[in-house]
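Novice: Just passing along the structure, written as structure tokens.
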Amino acid sequence: MTVTPNTSVDYDVTRIRADFPIFGRQVHGRDLAYLDSASTSQKPRAMLDAVTDFYSTSNANVHRGVYTLGIESTDAFEAARDAVAQLINAPSRREVIFTRNTTEALNLVAKTVGTERCGPGDVIVSTVLEHHANLVPWQVLAQQTGATLRFLDVDDQGNLQLDQLDAIAREGNVRIVAVTHQSNTLGVRPPVEALVRWARTQGALVVLDAAQTVPNRPVDVQALDVDFLAFSGHKTLAPTGIGVLWGREEVLAATQPFLTGGEMIRSVALDRTSWNTLPWKFEAGTPAYAEAVGLHAAIDYLQGVGLQAIDAHEHAITEYALGCLSEVPGLRVVGPPDAASRGGVVSFVLDDVHPHDIAEILDRHAVCVRAGHHCTQPLMQRLGHTATVRASFYLYTTTDEIDRLVVGLHDVRTVMGV
Amino acid sequence: MDDELYRENLMDHYRHPRNHGTLEHPDCEAEGKNPLCGDEVEIDVAVADGRISEIRFSGNGCAVSQAATSMLTELVAGLPVGEAAALPSQAIIDELGIPLSAMRVKCAVLGLGTLKVALHRGAGTPLPAEWGADEDELVWG
Ligand SMILES: Cc1ncc(COP(=O)(O)O)c(C=O)c1O
């Protein structure tokens, strides 16, 4: 390969990799080349140990016990909230709500703030880039409230087009703008800043799906000036079952709860209930507190490496991958051809070989990639594909893994006779 | 590659599909799709004396879905309609003779499901429940 990755000498990917036990395992007799981090990340030992230690030493339900264990577990859970608040530069810990994942966080917004603020004559704006998690809840909201749902289009490389904004503004009161921070399918980063500026002129709330960006670069909710932001722990080195919704306090305070039951109440009588204060008002039932402890350890790990450094590493790997892939005959990158305006995700097709065949043959090389529509069917339709192969990168991705992807793709060409 | 998944027989059917095309006057026909991965097949069947006298398929998708449908057409040509309509999924899985993950089983049986839809539609008999529209996430048209 002719391209040399431009990673900083201080970034020791071999050492980072050694922190992830899963890279000790082999598949089909070979070391893993894990190129599916946009789906979920692998887990560092420090995070796994934190969860095991917590269960082994401090486990008790949170916000209830007056005994030592209960106090310890509540402290650990609430410390995780502080870590999240600090990670995304939230003005207040009261704005950090734990959910199961990004999907639940986005549904929470749609089903509370959305139903309270949208009706006939109102407009919800989203984009064709969205993961189904940031599309279907708005579709349902529009159907239930009579609001109009409009989607911003992309060009053939997946770059978001803003030329429809004026026309959309004339259709009614724009209430909500829901957009992804980075496409999980193409890796493109839409012009969120411009969209936020426009939303402000409309008096609309901005909901940012940051599932693909919180894991790998500094994300600052105040600098972004959005109103809601969602991400998933499992893509952020943390366990499954924990996600985050950050929301502006004044909006959350003025909104009725999502789910009801324990935790989220202040007092209950048979005929009426008063709600707990933020953030607990939006956390019904026993929360995923051990997973939150894992998320805290994951954040510590990420900050130990440095999110700026991780972003730079991913960028270098993406540049390297795009260079290598461009040398594979018959391969077409779906999305922007360069690394400039994108994150560590590359979608591609190879001649007319079906992506499932590609992924299956790559699996024989222990190269893990995704094949399919990546939960973005409208985007695939817009770009004229039913499926693509997607390789995605993270802080532990090596150039060797990319080289193995390329070797695997040459084998695909041989096996499939193209 | 040191595995059996894409072995010669399967690739031969994929590259040189048998009974490929359409019939001008089919007695029954159907199309099947796997929306999740975009596999599609269309099957035309001609029936004479209660047997499948001619069968053609067309479509596009992964090697497993297309090769399995090609093999299926050879398997059922000349069979009594009732027998073909009762062919179990395992028959086509055996015919492929390769290990299949749960996801790939759907690819493998797409053609068989489509054939069953065509035959039952032609005979005016109900499709067996296990091949109902949302079984295996396959859809029929
Ligand atoms: C951009 C984006 N949004 C939302 C989601 C949904 O995340 P989860 O399945 O964790 O709710 C994903 C994950 O695939 C994603 O990449």
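Chain labels follow the order of the structure tokens: the first chain is A, the next B, and so on; residue numbering restarts at 1 in every chain, and ligands are counted from 1 in their shown order.
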Provide as a PyMOL selection string the residues of chain A at most 8 Å from chain B, counting only C-alpha atoms.
Specialist: chain A and resi 353-357+364+372-373+386-387+411+415-416
Novice: Mind listing the residues within 10 Å of ligand 1, only C-alpha atoms and all ligand atoms counted, as JSON, numbers by chain?
Specialist: {"A": [37, 38, 39, 40, 99, 100, 101, 102, 103, 104, 105, 106, 107, 129, 130, 131, 132, 133, 134, 135, 179, 180, 181, 182, 183, 184, 185, 187, 208, 209, 210, 211, 212, 213, 230, 231, 232, 233, 234, 235, 240, 241, 242, 243, 244, 374, 375, 376]}
Novice: When DSSP is applied to the backbone of this structure, which of stretch 31-138 of chain B are assigned strand (DSSP E)? Write them out as a list of chain:residue names.
Specialist: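 Here is the list: B:Glu31, B:Gly32, B:Lys33, B:Asn34, B:Asp39, B:Glu40, B:Val41, B:Glu42, B:Ile43, B:Asp44, B:Val45, B:Ala46, B:Val47, B:Ala48, B:Arg51, B:Ile52, B:Ser53, B:Glu54, B:Ile55, B:Arg56, B:Phe57, B:Ser58, B:Gly59, B:Asn60.
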Novice: Would you mind telling me which residue in B:Lys106, B:His25, B:Arg51, B:His16 lies nearest to B:Ile92 when using only C-alpha atoms?
Specialist: B:Lys106
Novice: Write out as a ChimeraX atom specification each polymer residue whose atoms come within 8 Å of A:Glu319, counting only C-alpha atoms; drop sequence neighbours fewer than 3 positions from it.
Specialist: /A:5,315-316,322-323,338-339
Novice: Excluding B:Ala30 and any residue of its chain fewer than 4 positions from it, enumerate the residues within 7 Å of it, using only C-alpha atoms, and give them as a ChimeraX atom specification.
Specialist: /B:42-44,114-115,117-118,141
Novice: Give me a file of those residues, with all heavy atoms, as an mmCIF file, in the first residue's frame.
Specialist:
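Final output, saved to selection24.cif:
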data_model
loop_
_atom_site.group_PDB
_atom_site.id
_atom_site.type_symbol
_atom_site.label_atom_id
_atom_site.label_comp_id
_atom_site.auth_asym_id
_atom_site.auth_seq_id
_atom_site.Cartn_x
_atom_site.Cartn_y
_atom_site.Cartn_z
ATOM 1 N N GLU B 42 -38.687 -14.218 -9.230
ATOM 2 C CA GLU B 42 -39.991 -14.391 -9.851
ATOM 3 C C GLU B 42 -39.996 -15.771 -10.459
ATOM 4 O O GLU B 42 -39.015 -16.165 -11.104
ATOM 5 C CB GLU B 42 -40.174 -13.380 -10.976
ATOM 6 C CG GLU B 42 -40.649 -12.022 -10.501
ATOM 7 C CD GLU B 42 -40.866 -11.087 -11.676
ATOM 8 O OE1 GLU B 42 -41.653 -11.437 -12.595
ATOM 9 O OE2 GLU B 42 -40.200 -10.039 -11.680
ATOM 10 N N ILE B 43 -41.082 -16.494 -10.257
ATOM 11 C CA ILE B 43 -41.158 -17.857 -10.783
ATOM 12 C C ILE B 43 -42.418 -18.022 -11.633
ATOM 13 O O ILE B 43 -43.512 -17.618 -11.215
ATOM 14 C CB ILE B 43 -41.150 -18.895 -9.629
ATOM 15 C CG1 ILE B 43 -39.794 -18.815 -8.896
ATOM 16 C CG2 ILE B 43 -41.387 -20.306 -10.161
ATOM 17 C CD1 ILE B 43 -39.642 -19.823 -7.772
ATOM 18 N N ASP B 44 -42.242 -18.592 -12.818
ATOM 19 C CA ASP B 44 -43.358 -18.936 -13.704
ATOM 20 C C ASP B 44 -43.422 -20.457 -13.808
ATOM 21 O O ASP B 44 -42.384 -21.104 -13.979
ATOM 22 C CB ASP B 44 -43.112 -18.396 -15.129
ATOM 23 C CG ASP B 44 -43.218 -16.873 -15.188
ATOM 24 O OD1 ASP B 44 -43.572 -16.266 -14.163
ATOM 25 O OD2 ASP B 44 -42.943 -16.324 -16.262
ATOM 26 N N THR B 114 -41.602 -18.791 -2.847
ATOM 27 C CA THR B 114 -42.229 -18.173 -4.015
ATOM 28 C C THR B 114 -42.921 -19.233 -4.871
ATOM 29 O O THR B 114 -44.043 -19.034 -5.347
ATOM 30 C CB THR B 114 -41.167 -17.422 -4.840
ATOM 31 O OG1 THR B 114 -40.459 -16.541 -3.966
ATOM 32 C CG2 THR B 114 -41.798 -16.623 -5.959
ATOM 33 N N LEU B 115 -42.259 -20.376 -5.043
ATOM 34 C CA LEU B 115 -42.867 -21.474 -5.809
ATOM 35 C C LEU B 115 -44.162 -21.938 -5.142
ATOM 36 O O LEU B 115 -45.177 -22.159 -5.801
ATOM 37 C CB LEU B 115 -41.879 -22.650 -5.911
ATOM 38 C CG LEU B 115 -42.441 -23.907 -6.572
ATOM 39 C CD1 LEU B 115 -42.747 -23.653 -8.053
ATOM 40 C CD2 LEU B 115 -41.479 -25.080 -6.420
ATOM 41 N N VAL B 117 -46.152 -20.254 -3.200
ATOM 42 C CA VAL B 117 -47.189 -19.239 -3.407
ATOM 43 C C VAL B 117 -47.781 -19.404 -4.808
ATOM 44 O O VAL B 117 -49.010 -19.416 -4.982
ATOM 45 C CB VAL B 117 -46.610 -17.817 -3.222
ATOM 46 C CG1 VAL B 117 -47.627 -16.759 -3.640
ATOM 47 C CG2 VAL B 117 -46.217 -17.603 -1.761
ATOM 48 N N ALA B 118 -46.932 -19.585 -5.810
ATOM 49 C CA ALA B 118 -47.415 -19.739 -7.186
ATOM 50 C C ALA B 118 -48.310 -20.973 -7.312
ATOM 51 O O ALA B 118 -49.409 -20.893 -7.873
ATOM 52 C CB ALA B 118 -46.225 -19.843 -8.143
ATOM 53 N N GLY B 141 -45.647 -11.468 -3.846
ATOM 54 C CA GLY B 141 -46.458 -10.627 -4.720
ATOM 55 C C GLY B 141 -46.840 -11.383 -5.963
ATOM 56 O O GLY B 141 -46.469 -12.533 -6.133
#
Novice: Would you mind listing what lies within 9 Å of A:Leu302 as a PDB file with N, CA and C atoms, in the first residue's frame, with only C-alpha atoms counted and same-chain residues fewer than 2 positions away left out?
Specialist:
ATOM      1  N   PRO A 215     -19.074   8.916  20.744  1.00  0.00           N
ATOM      2  CA  PRO A 215     -18.018   7.928  20.997  1.00  0.00           C
ATOM      3  C   PRO A 215     -16.617   8.360  20.576  1.00  0.00           C
ATOM      4  N   ASN A 216     -16.513   9.258  19.604  1.00  0.00           N
ATOM      5  CA  ASN A 216     -15.190   9.408  18.991  1.00  0.00           C
ATOM      6  C   ASN A 216     -14.694  10.835  18.799  1.00  0.00           C
ATOM      7  N   THR A 236     -20.062   3.406  22.805  1.00  0.00           N
ATOM      8  CA  THR A 236     -19.142   4.313  23.498  1.00  0.00           C
ATOM      9  C   THR A 236     -18.307   3.521  24.498  1.00  0.00           C
ATOM     10  N   LEU A 237     -18.009   2.259  24.190  1.00  0.00           N
ATOM     11  CA  LEU A 237     -17.210   1.361  25.027  1.00  0.00           C
ATOM     12  C   LEU A 237     -17.955   0.853  26.261  1.00  0.00           C
ATOM     13  N   ALA A 297     -16.922   4.343  33.584  1.00  0.00           N
ATOM     14  CA  ALA A 297     -15.566   3.815  33.353  1.00  0.00           C
ATOM     15  C   ALA A 297     -15.161   3.973  31.890  1.00  0.00           C
ATOM     16  N   ALA A 298     -16.137   3.805  30.996  1.00  0.00           N
ATOM     17  CA  ALA A 298     -15.857   3.958  29.566  1.00  0.00           C
ATOM     18  C   ALA A 298     -15.468   5.400  29.253  1.00  0.00           C
ATOM     19  N   ILE A 299     -16.191   6.343  29.864  1.00  0.00           N
ATOM     20  CA  ILE A 299     -15.875   7.763  29.644  1.00  0.00           C
ATOM     21  C   ILE A 299     -14.471   8.068  30.176  1.00  0.00           C
ATOM     22  N   ASP A 300     -14.176   7.529  31.357  1.00  0.00           N
ATOM     23  CA  ASP A 300     -12.823   7.724  31.898  1.00  0.00           C
ATOM     24  C   ASP A 300     -11.778   7.190  30.930  1.00  0.00           C
ATOM     25  N   GLY A 304      -9.041   9.293  28.968  1.00  0.00           N
ATOM     26  CA  GLY A 304      -7.631   8.961  29.189  1.00  0.00           C
ATOM     27  C   GLY A 304      -6.866   8.944  27.878  1.00  0.00           C
ATOM     28  N   VAL A 305      -7.481   8.364  26.862  1.00  0.00           N
ATOM     29  CA  VAL A 305      -6.846   8.357  25.537  1.00  0.00           C
ATOM     30  C   VAL A 305      -6.933   9.755  24.926  1.00  0.00           C
ATOM     31  N   GLY A 306      -8.063  10.410  25.129  1.00  0.00           N
ATOM     32  CA  GLY A 306      -8.270  11.758  24.587  1.00  0.00           C
ATOM     33  C   GLY A 306      -9.157  11.717  23.364  1.00  0.00           C
ATOM     34  N   LEU A 307     -10.300  12.392  23.429  1.00  0.00           N
ATOM     35  CA  LEU A 307     -11.254  12.324  22.313  1.00  0.00           C
ATOM     36  C   LEU A 307     -10.722  13.010  21.063  1.00  0.00           C
ATOM     37  N   ILE A 310      -8.509  10.461  19.492  1.00  0.00           N
ATOM     38  CA  ILE A 310      -9.305   9.398  18.872  1.00  0.00           C
ATOM     39  C   ILE A 310      -9.860   9.874  17.536  1.00  0.00           C
ATOM     40  N   LEU A 395     -11.229   3.712  17.915  1.00  0.00           N
ATOM     41  CA  LEU A 395      -9.913   4.044  18.480  1.00  0.00           C
ATOM     42  C   LEU A 395      -8.918   2.900  18.400  1.00  0.00           C
TER      43      LEU A 395
END
Novice: For B:Pro88, please output as an mmCIF file with N, CA and C atoms, in the first residue's frame all residues within 10 Å (counting only C-alpha atoms; exclusion window: fewer than 3 positions along the same chain).
Specialist:
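Now in part38.cif:
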data_model
loop_
_atom_site.group_PDB
_atom_site.id
_atom_site.type_symbol
_atom_site.label_atom_id
_atom_site.label_comp_id
_atom_site.auth_asym_id
_atom_site.auth_seq_id
_atom_site.Cartn_x
_atom_site.Cartn_y
_atom_site.Cartn_z
ATOM 1 N N GLU B 83 -46.896 -32.568 -4.823
ATOM 2 C CA GLU B 83 -45.631 -32.956 -4.195
ATOM 3 C C GLU B 83 -44.679 -31.748 -4.105
ATOM 4 N N ALA B 84 -44.630 -30.990 -5.190
ATOM 5 C CA ALA B 84 -43.761 -29.804 -5.193
ATOM 6 C C ALA B 84 -44.251 -28.796 -4.160
ATOM 7 N N ALA B 85 -45.583 -28.668 -4.063
ATOM 8 C CA ALA B 85 -46.154 -27.687 -3.131
ATOM 9 C C ALA B 85 -45.896 -28.088 -1.683
ATOM 10 N N ALA B 91 -35.431 -29.662 2.165
ATOM 11 C CA ALA B 91 -35.024 -30.235 0.885
ATOM 12 C C ALA B 91 -34.065 -29.312 0.149
ATOM 13 N N ILE B 92 -34.367 -28.028 0.182
ATOM 14 C CA ILE B 92 -33.517 -27.094 -0.563
ATOM 15 C C ILE B 92 -32.242 -26.793 0.228
ATOM 16 N N ILE B 93 -32.376 -26.825 1.544
ATOM 17 C CA ILE B 93 -31.182 -26.614 2.379
ATOM 18 C C ILE B 93 -30.203 -27.770 2.168
ATOM 19 N N VAL B 109 -34.434 -20.145 1.228
ATOM 20 C CA VAL B 109 -35.807 -20.625 1.017
ATOM 21 C C VAL B 109 -36.696 -19.613 0.292
ATOM 22 N N LEU B 112 -38.159 -21.258 -2.814
ATOM 23 C CA LEU B 112 -39.131 -22.301 -2.479
ATOM 24 C C LEU B 112 -40.455 -21.673 -2.037
ATOM 25 N N GLY B 113 -40.371 -20.656 -1.197
ATOM 26 C CA GLY B 113 -41.596 -19.977 -0.751
ATOM 27 C C GLY B 113 -42.346 -19.383 -1.936
#
Novice: Might you pull out every residue within 12 Å of stretch 74-81 of chain A, with only C-alpha atoms counted and same-chain residues fewer than 4 positions away left off, and present them as a ChimeraX atom specification?
Specialist: /A:50-51,53-55,57-70,85-90,92-99,233,238,242-246,279-280,286-300
Novice: Please, could you write that set of residues out with C-alpha atoms as a short mmCIF file (atom, residue, chain, number, x, y, z; two decimals), in the first residue's frame?
Specialist:
data_model
loop_
_atom_site.label_atom_id
_atom_site.label_comp_id
_atom_site.auth_asym_id
_atom_site.auth_seq_id
_atom_site.Cartn_x
_atom_site.Cartn_y
_atom_site.Cartn_z
CA ALA A 50 -15.68 -1.62 36.83
CA VAL A 51 -19.00 -3.36 36.28
CA ASP A 53 -16.34 -4.77 40.83
CA PHE A 54 -19.51 -2.79 41.31
CA TYR A 55 -21.67 -5.93 41.34
CA THR A 57 -18.83 -4.95 46.17
CA SER A 58 -21.55 -2.28 46.07
CA ASN A 59 -24.66 -3.65 44.44
CA ALA A 60 -27.96 -2.43 45.88
CA ASN A 61 -30.90 -0.67 44.30
CA VAL A 62 -30.40 3.07 43.94
CA HIS A 63 -32.24 5.98 45.57
CA ARG A 64 -33.84 3.71 48.20
CA GLY A 65 -31.57 2.16 50.74
CA VAL A 66 -30.41 4.05 53.77
CA TYR A 67 -27.84 1.34 54.29
CA THR A 68 -24.23 1.61 53.15
CA LEU A 69 -24.53 -0.43 49.97
CA GLY A 70 -27.53 1.56 48.81
CA ALA A 85 -22.56 15.96 31.99
CA GLN A 86 -18.87 16.79 31.95
CA LEU A 87 -18.26 14.72 28.76
CA ILE A 88 -20.80 16.66 26.72
CA ASN A 89 -20.34 19.96 28.61
CA ALA A 90 -23.92 20.02 29.86
CA SER A 92 -26.38 21.04 34.53
CA ARG A 93 -26.50 17.41 35.67
CA ARG A 94 -30.28 17.79 35.91
CA GLU A 95 -30.33 17.75 32.13
CA VAL A 96 -28.77 14.28 31.81
CA ILE A 97 -31.39 11.55 31.60
CA PHE A 98 -30.44 7.91 31.43
CA THR A 99 -32.33 5.85 28.88
CA GLY A 233 -23.52 3.65 25.77
CA ALA A 238 -19.95 0.94 27.66
CA ILE A 242 -27.67 2.37 28.88
CA GLY A 243 -28.13 5.47 26.77
CA VAL A 244 -28.36 9.19 27.36
CA LEU A 245 -30.76 11.93 26.55
CA TRP A 246 -29.47 15.39 27.25
CA PRO A 279 -33.56 14.42 35.91
CA TRP A 280 -35.37 11.63 37.77
CA THR A 286 -35.02 0.85 38.48
CA PRO A 287 -32.47 2.40 36.15
CA ALA A 288 -29.57 0.57 34.52
CA TYR A 289 -27.31 1.72 37.32
CA ALA A 290 -24.62 -0.93 36.93
CA GLU A 291 -24.49 -0.15 33.21
CA ALA A 292 -24.18 3.52 34.17
CA VAL A 293 -21.16 2.60 36.27
CA GLY A 294 -19.77 0.92 33.15
CA LEU A 295 -20.49 4.04 31.12
CA HIS A 296 -18.60 6.10 33.67
CA ALA A 297 -15.57 3.81 33.35
CA ALA A 298 -15.86 3.96 29.57
CA ILE A 299 -15.87 7.76 29.64
CA ASP A 300 -12.82 7.72 31.90
#
Novice: What does the distance from atom CA of A:Arg404 to atom CA of A:Val418 come to in Å, to one decimal?
Specialist: 19.2 Å
Novice: Please identify the alpha helix (DSSP H) residues within stretch 272-396 of chain A (assignment by DSSP from backbone atoms) and present them as a PyMOL selection string.
Specialist: chain A and resi 289-305+307-325+355-363+377-383
